[in-house]
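Chemist: To be precise about what I am sending: the file is called input.txt and holds compact mmCIF, C-alpha atoms and all ligand atoms.
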```
# COMPACT_ATOMS: atom_id res chain seq x y z
CA MET A 287 113.43 99.01 63.63
CA ARG A 288 112.51 99.75 67.22
CA ASP A 289 110.69 102.67 68.79
CA LYS A 290 112.75 105.29 70.62
CA LEU A 291 112.67 104.62 74.35
CA VAL A 292 111.17 107.60 76.15
CA VAL A 293 113.01 108.39 79.36
CA SER A 294 112.21 110.97 81.99
CA LYS A 295 113.67 114.44 81.55
CA PRO A 296 115.94 114.50 84.65
CA ILE A 297 117.47 111.17 83.61
CA TYR A 298 118.13 112.37 80.09
CA GLU A 299 119.75 115.47 81.59
CA LEU A 300 121.88 113.45 83.96
CA VAL A 301 123.24 111.21 81.18
CA ARG A 302 123.83 114.29 79.01
CA GLN A 303 125.84 116.01 81.75
CA LEU A 304 128.05 112.95 82.27
CA LYS A 305 128.63 112.66 78.52
CA ASN A 306 129.38 116.38 78.20
CA ALA A 307 132.01 115.93 80.91
CA GLY A 308 133.69 113.35 78.67
CA TYR A 309 132.41 110.11 80.26
CA ILE A 310 130.41 107.22 78.85
CA ALA A 311 127.01 106.83 80.52
CA TYR A 312 124.05 104.51 80.05
CA ILE A 313 120.72 103.73 81.60
CA VAL A 314 120.83 100.10 82.78
CA GLY A 315 118.72 97.58 84.67
CA GLY A 316 115.01 97.52 85.38
CA ALA A 317 114.20 100.84 83.71
CA ILE A 318 115.20 99.44 80.30
CA ARG A 319 113.04 96.38 80.83
CA ASP A 320 110.10 98.60 81.74
CA LEU A 321 110.68 101.00 78.84
CA MET A 322 110.93 98.17 76.33
CA LEU A 323 107.78 96.55 77.70
CA GLY A 324 105.84 99.82 77.71
CA ARG A 325 105.70 100.10 81.48
CA GLU A 326 106.45 103.16 83.58
CA PRO A 327 109.92 102.65 85.17
CA LYS A 328 109.73 102.76 88.95
CA ASP A 329 113.28 104.10 89.09
CA TYR A 330 116.39 104.40 86.96
CA ASP A 331 119.89 102.97 87.38
CA ILE A 332 122.74 104.70 85.57
CA SER A 333 126.14 103.20 84.84
CA THR A 334 129.12 105.26 83.77
CA SER A 335 132.86 105.24 83.11
CA ALA A 336 133.26 108.01 85.72
CA THR A 337 134.53 106.89 89.13
CA PRO A 338 132.48 107.83 92.21
CA GLU A 339 134.75 110.82 92.88
CA GLU A 340 134.52 111.93 89.23
CA ILE A 341 130.72 111.67 89.39
CA ARG A 342 130.80 113.91 92.44
CA ALA A 343 132.96 116.40 90.56
CA VAL A 344 130.41 116.53 87.70
CA PHE A 345 127.35 117.08 89.91
CA GLY A 346 128.94 118.96 92.79
CA ARG A 347 129.62 117.71 96.29
CA ARG A 348 126.32 119.05 97.58
CA ASN A 349 124.24 117.13 95.06
CA ALA A 350 126.18 113.87 94.95
CA ARG A 351 126.83 111.50 97.84
CA ILE A 352 128.95 108.34 97.76
CA ILE A 353 127.24 105.43 99.50
CA GLY A 354 127.75 101.71 100.03
CA LYS A 355 130.58 99.41 101.00
CA ARG A 356 130.07 96.29 98.89
CA PHE A 357 129.33 98.43 95.84
CA GLN A 358 130.32 102.07 95.93
CA LEU A 359 127.49 104.03 94.36
CA VAL A 360 126.71 107.69 94.05
CA HIS A 361 123.32 109.17 94.85
CA VAL A 362 122.73 112.28 92.77
CA ARG A 363 119.97 114.70 93.60
CA MET A 364 118.02 115.92 90.55
CA GLY A 365 115.18 118.14 91.76
CA PRO A 366 112.98 115.98 93.99
CA ASP A 367 114.54 112.72 92.72
CA ILE A 368 117.59 110.83 93.92
CA ILE A 369 119.24 108.86 91.13
CA GLU A 370 121.66 106.02 91.67
CA ILE A 371 124.82 106.00 89.55
CA SER A 372 127.38 103.21 89.52
CA THR A 373 130.76 102.98 87.85
CA PHE A 374 131.35 100.20 85.28
CA ARG A 375 132.77 97.15 87.05
CA ARG A 376 134.46 93.97 86.00
CA SER A 377 133.72 90.58 87.44
CA PRO A 378 135.84 90.00 90.54
CA GLU A 379 137.72 86.80 91.32
CA SER A 380 135.77 85.13 94.06
CA THR A 381 138.01 84.95 97.11
CA GLY A 382 135.72 82.74 99.16
CA GLN A 383 136.64 84.51 102.36
CA ILE A 384 136.52 87.89 103.98
CA PRO A 385 140.02 88.89 105.10
CA GLY A 386 140.31 89.30 108.86
CA LYS A 387 136.78 88.10 109.63
CA ALA A 388 135.76 84.84 111.19
CA ARG A 389 133.01 83.07 109.27
CA PRO A 390 130.24 81.59 111.36
CA ARG A 391 129.27 78.92 108.82
CA PRO A 392 130.77 77.46 105.68
CA VAL A 393 129.85 79.28 102.49
CA PRO A 394 130.03 78.09 98.90
CA GLU A 395 133.56 78.51 97.62
CA ASN A 396 132.51 80.68 94.70
CA MET A 397 130.57 83.22 96.72
CA ILE A 398 131.56 86.82 95.95
CA PHE A 399 132.38 89.22 98.75
CA ARG A 400 134.07 91.98 96.85
CA ASP A 401 132.73 93.53 93.67
CA ASN A 402 134.35 96.88 93.31
CA ASP A 403 136.96 96.59 90.55
CA PHE A 404 136.22 99.18 87.91
CA GLY A 405 136.02 98.04 84.28
CA THR A 406 134.67 98.86 80.81
CA ALA A 407 131.02 98.99 79.74
CA GLU A 408 131.40 95.57 78.11
CA GLU A 409 132.99 94.03 81.21
CA ASP A 410 130.22 95.57 83.24
CA ALA A 411 127.57 93.93 81.05
CA TRP A 412 129.15 90.48 81.49
CA ARG A 413 129.21 90.68 85.30
CA ARG A 414 125.46 91.28 85.41
CA ASP A 415 123.04 88.50 86.31
CA PHE A 416 120.67 87.94 83.36
CA THR A 417 120.77 88.83 79.68
CA VAL A 418 117.64 91.00 80.00
CA ASN A 419 119.43 92.92 82.77
CA ALA A 420 122.56 93.56 80.72
CA LEU A 421 121.11 95.97 78.14
CA PHE A 422 122.56 99.50 78.12
CA TYR A 423 120.72 102.49 76.70
CA ASP A 424 122.11 105.88 75.79
CA PRO A 425 119.08 108.21 75.53
CA VAL A 426 121.10 111.06 73.99
CA ASN A 427 122.10 109.05 70.90
CA ASP A 428 119.22 106.55 71.17
CA ASP A 429 121.71 103.65 71.30
CA LEU A 430 120.66 100.29 72.75
CA LEU A 431 123.67 98.06 73.42
CA ASP A 432 123.37 94.29 73.86
CA TYR A 433 126.86 93.02 74.73
CA THR A 434 125.71 89.47 75.55
CA GLY A 435 123.99 89.25 72.17
CA CYS A 436 120.86 87.66 73.68
CA GLY A 437 119.35 90.47 75.76
CA ILE A 438 117.06 92.00 73.13
CA ASP A 439 115.82 88.63 71.85
CA ASP A 440 115.30 87.33 75.40
CA MET A 441 113.42 90.49 76.28
CA HIS A 442 111.06 90.02 73.33
CA ALA A 443 110.63 86.32 74.07
CA GLY A 444 110.27 86.92 77.83
CA ILE A 445 113.13 84.64 78.84
CA VAL A 446 115.29 84.88 81.96
CA ARG A 447 118.70 83.54 80.98
CA SER A 448 121.73 83.56 83.27
CA ILE A 449 124.85 85.18 81.93
CA GLY A 450 127.44 82.42 82.25
CA GLU A 451 126.96 79.05 83.94
CA PRO A 452 123.81 79.48 86.04
CA GLY A 453 124.85 77.17 88.90
CA LEU A 454 128.11 79.07 89.32
CA ARG A 455 126.43 82.48 89.08
CA PHE A 456 123.93 81.47 91.79
CA GLU A 457 126.76 80.17 93.95
CA GLU A 458 128.63 83.47 93.55
CA ASP A 459 125.55 85.33 94.75
CA PRO A 460 122.44 83.37 95.79
CA VAL A 461 120.30 86.53 95.72
CA ARG A 462 120.34 86.01 91.94
CA VAL A 463 117.96 83.05 92.43
CA LEU A 464 115.48 85.42 94.03
CA ARG A 465 116.10 88.00 91.31
CA ALA A 466 115.42 85.45 88.55
CA LEU A 467 112.09 84.52 90.12
CA LYS A 468 111.21 88.16 90.63
CA LEU A 469 111.47 88.63 86.86
CA VAL A 470 109.14 85.65 86.40
CA GLY A 471 106.58 87.02 88.86
CA GLN A 472 106.87 90.63 87.76
CA TYR A 473 106.77 90.26 83.99
CA GLY A 474 105.42 86.75 83.41
CA PHE A 475 108.81 85.77 81.95
CA THR A 476 109.90 82.11 81.86
CA LEU A 477 113.22 80.71 82.98
CA ASP A 478 115.35 79.16 80.26
CA PRO A 479 115.80 75.42 81.00
CA ALA A 480 119.41 75.62 82.29
CA THR A 481 118.59 78.61 84.49
CA GLU A 482 115.47 76.88 85.83
CA ALA A 483 117.38 73.70 86.68
CA ALA A 484 119.96 75.76 88.62
CA VAL A 485 117.24 77.83 90.35
CA ARG A 486 115.67 74.61 91.60
CA THR A 487 118.93 73.23 92.99
CA SER A 488 120.42 76.48 94.31
CA GLY A 489 117.51 77.82 96.40
CA SER A 490 118.93 76.73 99.76
CA LEU A 491 122.12 78.78 99.14
CA ILE A 492 120.11 81.88 100.01
CA GLU A 493 120.60 80.90 103.65
CA HIS A 494 124.23 82.02 103.30
CA THR A 495 123.15 85.55 102.40
CA PRO A 496 123.59 88.02 105.27
CA ALA A 497 120.26 88.34 107.10
CA SER A 498 120.08 92.09 106.58
CA ARG A 499 120.45 91.82 102.79
CA PHE A 500 117.95 88.96 102.61
CA SER A 501 115.37 90.86 104.68
CA LEU A 502 115.86 93.92 102.49
CA GLU A 503 115.10 91.82 99.40
CA ILE A 504 111.94 90.49 101.05
CA GLU A 505 110.88 94.04 101.87
CA LYS A 506 111.36 95.02 98.21
CA ILE A 507 109.13 92.12 97.16
CA LEU A 508 106.46 93.11 99.66
CA LYS A 509 106.59 96.66 98.36
CA SER A 510 106.14 95.53 94.76
CA ALA A 511 102.75 95.79 93.05
CA TYR A 512 103.54 92.32 91.66
CA CYS A 513 104.05 90.75 95.08
CA ASP A 514 101.40 88.06 94.47
CA GLY A 515 102.99 86.97 91.18
CA ILE A 516 106.45 86.90 92.74
CA LEU A 517 105.31 84.75 95.68
CA ASN A 518 103.60 82.39 93.22
CA ALA A 519 106.84 82.09 91.23
CA PHE A 520 108.75 81.42 94.46
CA HIS A 521 106.33 78.64 95.36
CA ASP A 522 106.41 77.10 91.87
CA CYS A 523 110.20 76.81 92.00
CA ASP A 524 110.39 75.53 95.60
CA PHE A 525 111.97 78.77 96.79
CA LEU A 526 109.20 80.12 99.04
CA GLN A 527 110.22 77.72 101.84
CA TYR A 528 113.41 79.78 102.33
CA CYS A 529 111.70 83.17 102.16
CA LEU A 530 108.38 82.84 103.96
CA PRO A 531 108.26 79.27 105.33
CA TYR A 532 104.92 79.86 107.10
CA LEU A 533 103.26 80.75 103.79
CA GLU A 534 104.81 77.73 102.07
CA LEU A 535 103.65 75.44 104.87
CA ASN A 536 100.10 76.79 104.51
CA TRP A 537 100.16 77.08 100.72
CA ASN A 538 97.17 74.79 100.22
CA SER A 539 95.04 76.45 102.89
CA PRO A 540 92.06 78.77 102.27
CA PRO A 541 93.72 81.69 104.15
CA ARG A 542 96.69 81.58 101.77
CA ALA A 543 94.41 81.62 98.73
CA TYR A 544 92.46 84.57 100.15
CA ALA A 545 95.71 86.40 101.00
CA MET A 546 96.77 86.11 97.35
CA GLN A 547 93.42 87.51 96.18
CA LEU A 548 93.84 90.49 98.49
CA LEU A 549 97.45 90.97 97.36
CA ALA A 550 96.43 90.88 93.70
CA GLU A 551 93.78 93.52 94.35
CA ARG A 552 96.36 95.64 96.18
CA GLY A 553 98.70 95.35 93.18
CA ARG A 554 95.95 96.47 90.79
CA ARG A 555 95.20 99.50 92.92
CA ILE A 556 98.87 100.47 93.12
CA LEU A 557 99.27 100.20 89.34
CA GLU A 558 96.12 102.25 88.78
CA GLY A 559 97.56 104.92 91.10
CA ARG A 560 94.68 104.47 93.53
CA TYR A 561 96.94 103.72 96.46
CA ARG A 562 100.62 103.94 97.21
CA SER A 563 102.75 100.86 97.66
CA SER A 564 103.40 100.12 101.30
CA ILE A 565 105.35 97.30 102.89
CA SER A 566 103.36 97.30 106.11
CA LEU A 567 100.06 97.11 104.21
CA ALA A 568 101.37 94.10 102.28
CA MET A 569 102.35 92.47 105.57
CA ALA A 570 98.89 93.12 106.98
CA VAL A 571 97.24 91.77 103.80
CA ILE A 572 99.19 88.51 103.96
CA ALA A 573 98.61 88.04 107.68
CA LEU A 574 94.90 89.00 107.81
CA PRO A 575 93.42 85.68 106.58
CA PHE A 576 95.56 83.71 109.04
CA ILE A 577 94.44 85.97 111.87
CA GLU A 578 90.80 85.51 110.87
CA ALA A 579 91.34 81.76 110.83
CA GLU A 580 92.89 81.73 114.27
CA ILE A 581 91.03 84.36 116.30
CA GLY A 582 88.10 85.32 114.10
CA PHE A 583 85.13 83.31 113.15
CA GLY A 584 87.12 81.24 110.70
CA GLN A 585 85.31 82.83 107.79
CA HIS A 586 86.81 85.48 105.55
CA GLY A 587 85.57 88.96 106.19
CA ARG A 588 84.01 88.18 109.58
CA LEU A 589 86.96 89.78 111.39
CA TRP A 590 87.21 89.26 115.14
CA THR A 591 86.34 90.81 118.47
CA LYS A 592 88.87 93.40 119.52
CA ASN A 593 90.41 92.67 122.89
CA TYR A 594 93.80 92.25 124.49
CA ALA A 595 94.08 88.57 123.54
CA ALA A 596 93.31 89.42 119.89
CA LEU A 597 96.04 92.07 119.86
CA THR A 598 98.55 89.62 121.28
CA ALA A 599 97.56 87.04 118.67
CA ILE A 600 97.93 89.58 115.84
CA ARG A 601 101.43 90.37 117.02
CA ARG A 602 102.34 86.69 117.25
CA ILE A 603 100.92 85.75 113.83
CA ILE A 604 102.71 88.62 112.10
CA LYS A 605 105.92 87.44 113.69
CA GLU A 606 105.30 83.85 112.57
CA VAL A 607 104.34 84.75 108.99
CA PHE A 608 107.41 86.92 108.48
CA GLN A 609 109.90 84.65 110.21
CA PRO A 610 112.85 84.30 109.72
CA HIS A 611 113.14 87.93 108.66
CA ASN A 612 113.96 90.59 111.07
CA MET A 613 111.57 93.06 109.51
CA ILE A 614 112.05 96.62 110.60
CA LYS A 615 110.10 96.96 113.83
CA ARG A 616 108.31 100.07 112.59
CA LEU A 617 106.83 98.04 109.70
CA ALA A 618 105.59 95.26 111.96
CA VAL A 619 104.06 97.81 114.35
CA SER A 620 102.35 99.57 111.45
CA ALA A 621 101.00 96.23 110.14
CA GLN A 622 99.65 95.41 113.62
CA SER A 623 97.93 98.76 113.78
CA ILE A 624 96.32 98.26 110.33
CA LEU A 625 94.98 94.89 111.48
CA SER A 626 93.88 95.86 114.93
CA LEU A 627 91.82 98.75 113.53
CA GLN A 628 89.77 96.50 111.21
CA PRO A 629 87.00 95.51 113.68
CA ASP A 630 86.63 99.20 114.63
CA PHE A 631 85.16 99.96 111.19
CA PHE A 632 82.15 97.85 112.13
CA ASN A 633 81.89 98.68 115.80
CA PRO A 634 78.82 100.92 116.32
CA ASP A 635 80.17 102.00 119.71
CA LYS A 636 83.31 103.50 118.16
CA LYS A 637 83.20 107.18 117.34
CA ARG A 638 83.47 107.51 113.57
CA ASP A 639 85.28 110.85 113.68
CA LYS A 640 87.84 109.52 116.08
CA LEU A 641 88.63 106.65 113.75
CA LEU A 642 88.70 108.94 110.71
CA HIS A 643 91.38 111.04 112.33
CA SER A 644 93.26 108.26 114.02
CA HIS A 645 96.90 107.66 113.32
CA GLY A 646 97.06 104.88 110.73
CA TYR A 647 93.56 105.44 109.31
CA GLU A 648 94.88 105.71 105.76
CA HIS A 649 96.43 102.23 105.57
CA ALA A 650 93.68 100.66 107.71
CA ARG A 651 91.05 102.10 105.36
CA GLU A 652 92.89 100.68 102.37
CA MET A 653 92.92 97.26 104.03
CA LEU A 654 89.15 97.60 104.48
CA MET A 655 88.74 98.66 100.84
CA LEU A 656 90.72 95.63 99.66
CA GLN A 657 88.42 93.31 101.60
CA ASN A 658 85.45 95.22 100.24
CA ALA A 659 86.67 94.85 96.64
CA VAL A 660 87.34 91.13 96.99
CA LEU A 661 84.48 90.10 99.28
CA TRP A 662 81.73 92.46 100.30
CA GLN A 663 81.38 94.89 97.37
CA ASP A 664 79.44 97.25 99.60
CA GLU A 665 79.27 100.82 98.21
CA ARG A 666 78.12 102.12 101.59
CA LEU A 667 81.46 101.26 103.14
CA ILE A 668 83.25 103.45 100.60
CA ALA A 669 80.93 106.34 101.37
CA LYS A 670 81.19 105.84 105.10
CA TRP A 671 85.00 105.66 105.17
CA PRO A 672 86.36 108.32 102.82
CA LYS A 673 89.95 108.82 101.76
CA PRO A 674 91.98 110.78 104.32
CA LEU A 675 91.94 113.99 102.26
CA GLU A 676 88.17 113.86 102.10
CA ALA A 677 88.14 112.85 105.74
CA GLY A 678 90.09 116.02 106.49
CA LYS A 679 87.03 118.05 105.51
CA HIS A 680 85.04 116.49 108.32
CA PRO A 681 85.10 118.45 111.56
CA ARG A 682 87.66 117.04 113.97
CA PRO A 683 86.25 115.64 117.19
CA THR A 684 85.97 118.44 119.73
CA ARG A 685 88.74 118.54 122.28
CA ARG A 686 88.83 120.27 125.65
CA LYS A 687 90.12 123.76 125.04
CA ARG A 688 93.60 124.50 126.30
CA ARG A 689 93.93 127.70 128.26
CA ARG A 690 96.82 128.91 126.18
CA PRO A 691 96.76 127.01 122.90
CA LYS A 692 100.22 126.52 121.44
CA PRO A 693 100.58 127.22 117.71
CA GLN A 694 100.56 123.86 115.91
CA PRO A 695 102.66 123.27 112.80
CA ARG A 696 100.33 122.79 109.85
CA LEU A 697 100.67 119.33 108.39
CA ARG A 698 100.47 119.07 104.65
CA PRO A 699 97.97 116.38 103.60
CA ASP A 700 100.72 114.07 102.37
CA THR A 701 102.62 114.26 105.63
CA ALA A 702 99.61 113.92 107.87
CA TYR A 703 100.20 110.18 107.99
CA PRO A 704 103.52 108.54 108.74
CA ALA A 705 105.54 108.37 105.54
CA GLU A 706 106.72 104.91 104.58
CA HIS A 707 108.72 103.84 101.60
P1 LIG B 1 114.25 96.70 89.81
O1 LIG B 1 113.25 97.14 88.81
O2 LIG B 1 113.68 95.84 90.88
O3 LIG B 1 115.09 97.83 90.35
P2 LIG B 1 116.71 95.92 88.59
O4 LIG B 1 117.07 94.83 87.63
O5 LIG B 1 116.93 97.32 88.13
O6 LIG B 1 115.21 95.70 89.01
P3 LIG B 1 118.53 96.56 90.69
O7 LIG B 1 118.71 95.91 92.02
O8 LIG B 1 118.13 97.98 90.64
O9 LIG B 1 117.49 95.65 89.92
O10 LIG B 1 119.88 96.33 89.90
C1 LIG B 1 120.21 97.04 88.72
C2 LIG B 1 121.00 96.14 87.78
O11 LIG B 1 122.21 95.73 88.45
C3 LIG B 1 120.31 94.84 87.39
O12 LIG B 1 119.45 95.00 86.29
C4 LIG B 1 121.49 93.95 87.06
O13 LIG B 1 122.01 94.24 85.78
C5 LIG B 1 122.53 94.40 88.09
N1 LIG B 1 122.47 93.56 89.31
C6 LIG B 1 121.77 93.79 90.43
N2 LIG B 1 121.97 92.83 91.34
C7 LIG B 1 122.84 91.96 90.78
C8 LIG B 1 123.43 90.75 91.22
N3 LIG B 1 123.16 90.25 92.42
N4 LIG B 1 124.28 90.12 90.37
C9 LIG B 1 124.56 90.63 89.15
N5 LIG B 1 124.02 91.75 88.68
C10 LIG B 1 123.17 92.43 89.47
MG MG B 2 116.69 99.05 89.47
```
Please rewrite the model in this file as structure tokens.
Ligand code: ATP
Ligand code: MG

Modeler:
Amino acid sequence: MRDKLVVSKPIYELVRQLKNAGYIAYIVGGAIRDLMLGREPKDYDISTSATPEEIRAVFGRRNARIIGKRFQLVHVRMGPDIIEISTFRRSPESTGQIPGKARPRPVPENMIFRDNDFGTAEEDAWRRDFTVNALFYDPVNDDLLDYTGCGIDDMHAGIVRSIGEPGLRFEEDPVRVLRALKLVGQYGFTLDPATEAAVRTSGSLIEHTPASRFSLEIEKILKSAYCDGILNAFHDCDFLQYCLPYLELNWNSPPRAYAMQLLAERGRRILEGRYRSSISLAMAVIALPFIEAEIGFGQHGRLWTKNYAALTAIRRIIKEVFQPHNMIKRLAVSAQSILSLQPDFFNPDKKRDKLLHSHGYEHAREMLMLQNAVLWQDERLIAKWPKPLEAGKHPRPTRRKRRRPKPQPRLRPDTAYPAEH
């Protein structure tokens, strides 16, 4: 006997509407894992027998948008949330080539390029990557379906097991190697022996993944509260060398160890709701110890002297650490700004109010707080550098009065700083 899985109201409503319209609909993917493990789902994936056009007809053209080429998905607006709905698919035959397109380098013959043939719920379960990812849940009838027959047991035992022959499944789509290790890092799961053997031999296939998709996966990992655990799992299975080669190369160095401590603290604070998850902050956290080692005093927490050379070095180190990924420029710029502001927190010549109201204060302050939690444990720093909302109560630095002041749009507190993911 299992407990009823408690899903959010809009999701329940969405499944109910699809079912009322005569379709089959289930919650799938990460949300089921989280619900079964007593965690708060970060988002929900829905799978249904309705085609993208039929989904649009159920929710109205204004609320539902078809997106994607490789997979056609529908984004449905439910109040403030956007929920992703996919149609059941069957496993495609791997064609090994993209019609009409020249291939720059040879790819494994089983790699999948097309994955859009609609199918039944059962076929859809079998095309998924791991048994724990192939569970389907109908919240209206409280039905949990386990078509592979191993999903529920593997979930309870914490085992990542490939559906089908793991080597072949990784060849079809090498991102599955990364996804397997994400489950290890995120939940503390272990790989079943056959899956682990294939993970260890298939890692290099990831180089055949289009750069944009690979970089997007890395961004998702950086955004995760479990980023430290995931990077550890990558290293343990010899996969980090393909994702962040700089970090792998420096794995046994003190800066790497300190970066992981900072990342772990960041994860804790995200899970406790004390700070939002931010890709650029994660980038800054990973790069900071290497910057200290190169341009600082070589000691954690001593920071560096702010000057033009330091700024250039920050830019270069960020680039090196996140090679070969073409991270979105905005993220790299935001990470640079977080890092370059750090010495300002200790510079007596800097005007405190100016820093409090500077663009990027929020993330830069969080970086400072992470260092404080791990290293300094200085209560005065917390008092001196309040959260932006509290900072908002401080008088702004006086500006020269304009002759005819233009009306300024009022920024809500949550939009006063550049929104990230
Ligand atoms: P997260 O919590 O990170 O969203 P997730 O498992 O839900 O984890 P998604 O990328 O949202 O990951 O994918 C939803 C589901 O789609 C997965 O649980 C899995 O069943 C299936 N899936 C995703 N990517 C693949 C893939 N490359 N190969 C096979 N199945 C996949
Ligand atoms: Mg998901």

Chemist: Counting all atoms listed in the file, what is within 8 Å of A:Leu291, bar same-chain residues fewer than 5 positions away, as a PyMOL selection string?

Modeler: chain A and resi 321-322+425+428

Chemist: Using all atoms listed in the file, pick whichever of A:Thr334, A:Gly450, A:Ile297, A:Arg465 has the shortest atom-to-atom distance to ligand LIG 1 (chain B).

Modeler: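 Among A:Thr334, A:Gly450, A:Ile297, A:Arg465, it is A:Arg465 that comes nearest to ligand LIG 1 (chain B).
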
Chemist: Do a neighbour search on stretch 544-560 of chain A at 8 Å with all atoms listed in the file, toss out local chain neighbours closer than 6 positions, and write the hits as a PDB file with C-alpha atoms, keeping the file's coordinate frame.

Modeler:
```pdb
ATOM      1  CA  SER A 510     106.140  95.530  94.760  1.00  0.00           C
ATOM      2  CA  ALA A 511     102.750  95.790  93.050  1.00  0.00           C
ATOM      3  CA  TYR A 512     103.540  92.320  91.660  1.00  0.00           C
ATOM      4  CA  CYS A 513     104.050  90.750  95.080  1.00  0.00           C
ATOM      5  CA  ASP A 514     101.400  88.060  94.470  1.00  0.00           C
ATOM      6  CA  ALA A 568     101.370  94.100 102.280  1.00  0.00           C
ATOM      7  CA  VAL A 571      97.240  91.770 103.800  1.00  0.00           C
ATOM      8  CA  ILE A 572      99.190  88.510 103.960  1.00  0.00           C
ATOM      9  CA  ALA A 573      98.610  88.040 107.680  1.00  0.00           C
ATOM     10  CA  LEU A 574      94.900  89.000 107.810  1.00  0.00           C
ATOM     11  CA  PRO A 575      93.420  85.680 106.580  1.00  0.00           C
ATOM     12  CA  HIS A 586      86.810  85.480 105.550  1.00  0.00           C
ATOM     13  CA  LEU A 656      90.720  95.630  99.660  1.00  0.00           C
ATOM     14  CA  GLN A 657      88.420  93.310 101.600  1.00  0.00           C
ATOM     15  CA  ALA A 659      86.670  94.850  96.640  1.00  0.00           C
ATOM     16  CA  VAL A 660      87.340  91.130  96.990  1.00  0.00           C
TER      17      VAL A 660
END
```

Chemist: Which protein, DNA or RNA residues have an atom within 9 Å of ligand MG 2 (chain B), counting only C-alpha atoms and all ligand atoms, as a VMD selection string?

Modeler: chain A and resid 314 to 317 327 to 331 370

Chemist: Which residues are close to A:Val426, i.e. within 9 Å by all atoms listed in the file, leaving aside same-chain residues fewer than 6 positions away? Reply as a PyMOL selection string.

Modeler: chain A and resi 298-299+301-302+305

Chemist: Could you pull the residues within 10 Å of stretch 352-365 of chain A, counting all atoms listed in the file, minus those fewer than 4 positions along the same chain, as a list in words?

Modeler: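 Counting only the stated atoms, we get Pro296, Ile297, Glu299, Leu300, Ile332, Ser333, Thr337, Pro338, Glu339, Ile341, Arg342, Phe345, Gly346, Arg347, Arg348, Ile369, Glu370, Ile371, Ser372, Thr373, Arg375, Phe399, Arg400, Asp401, Asn402 and Asp403 of chain A.
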
Chemist: Measuring atom to atom with all atoms listed in the file, identify which of A:Leu535, A:Ala336, A:Ile600, A:Ile492 is nearest to ligand LIG 1 (chain B).

Modeler: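 That would be A:Ile492, the residue with the smallest distance to ligand LIG 1 (chain B).
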
Chemist: Can you tell me which residues sit at most 6 Å away from ligand LIG 1 (chain B), counting only C-alpha atoms and all ligand atoms, written as a list of chain:residue names?

Modeler: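 The neighbouring residues of ligand LIG 1 (chain B) are, in order, A:Gly315, A:Gly316, A:Arg414, A:Asp415, A:Asn419, A:Ala420, A:Asp459, A:Val461, A:Arg462.
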
Chemist: Just the selected residues (C-alpha atoms), exported as a PDB file, in the frame of the given file, please.

Modeler:
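Listing of selection-v4.pdb after writing:
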```pdb
ATOM      1  CA  GLY A 315     118.720  97.580  84.670  1.00  0.00           C
ATOM      2  CA  GLY A 316     115.010  97.520  85.380  1.00  0.00           C
ATOM      3  CA  ARG A 414     125.460  91.280  85.410  1.00  0.00           C
ATOM      4  CA  ASP A 415     123.040  88.500  86.310  1.00  0.00           C
ATOM      5  CA  ASN A 419     119.430  92.920  82.770  1.00  0.00           C
ATOM      6  CA  ALA A 420     122.560  93.560  80.720  1.00  0.00           C
ATOM      7  CA  ASP A 459     125.550  85.330  94.750  1.00  0.00           C
ATOM      8  CA  VAL A 461     120.300  86.530  95.720  1.00  0.00           C
ATOM      9  CA  ARG A 462     120.340  86.010  91.940  1.00  0.00           C
TER      10      ARG A 462
END
```

Chemist: How many Å lie between atom CA of A:Lys640 and atom CA of A:Gln585, rounded to one decimal?

Modeler: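 Taking atom CA of A:Lys640 as the start and atom CA of A:Gln585 as the end point, the length is 28.1 Å.
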
Chemist: Write out as an MDAnalysis selection string which residues come within 12 Å of A:Asn593 when counting all atoms listed in the file, dropping same-chain ones fewer than 5 positions away.

Modeler: chainID A and resid 581:582 598:600 626:627 629:630

Chemist: Could you write out the selected residues, including C-alpha atoms, as a PDB file, keeping the file's coordinate frame?

Modeler:
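Wrote result04.pdb, looks like this:
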```
ATOM      1  CA  ILE A 581      91.030  84.360 116.300  1.00  0.00           C
ATOM      2  CA  GLY A 582      88.100  85.320 114.100  1.00  0.00           C
ATOM      3  CA  THR A 598      98.550  89.620 121.280  1.00  0.00           C
ATOM      4  CA  ALA A 599      97.560  87.040 118.670  1.00  0.00           C
ATOM      5  CA  ILE A 600      97.930  89.580 115.840  1.00  0.00           C
ATOM      6  CA  SER A 626      93.880  95.860 114.930  1.00  0.00           C
ATOM      7  CA  LEU A 627      91.820  98.750 113.530  1.00  0.00           C
ATOM      8  CA  PRO A 629      87.000  95.510 113.680  1.00  0.00           C
ATOM      9  CA  ASP A 630      86.630  99.200 114.630  1.00  0.00           C
TER      10      ASP A 630
END
```

Chemist: Of the residues A:Pro634, A:Leu567, A:Gln628, A:Glu652, which is the one nearest to A:Ala596, using all atoms listed in the file?

Modeler: A:Gln628

Chemist: Distance atom CA of A:Leu502-atom CA of A:Phe456, one decimal place?

Modeler: 18.3 Å

Chemist: Measuring atom to atom with all atoms listed in the file, identify which of A:Ser490, A:Gln472, A:Ser566, A:Thr481 is nearest to A:Leu454.

Modeler: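 Using all atoms listed in the file, the shortest distance to A:Leu454 belongs to A:Thr481.
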
Chemist: Pick from A:Glu326, A:Glu409, A:Ser623, A:Lys509: nearest to A:Arg562, with all atoms listed in the file counted?

Modeler: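 Of A:Glu326, A:Glu409, A:Ser623, A:Lys509, the one nearest A:Arg562 is A:Lys509, counting all atoms listed in the file.
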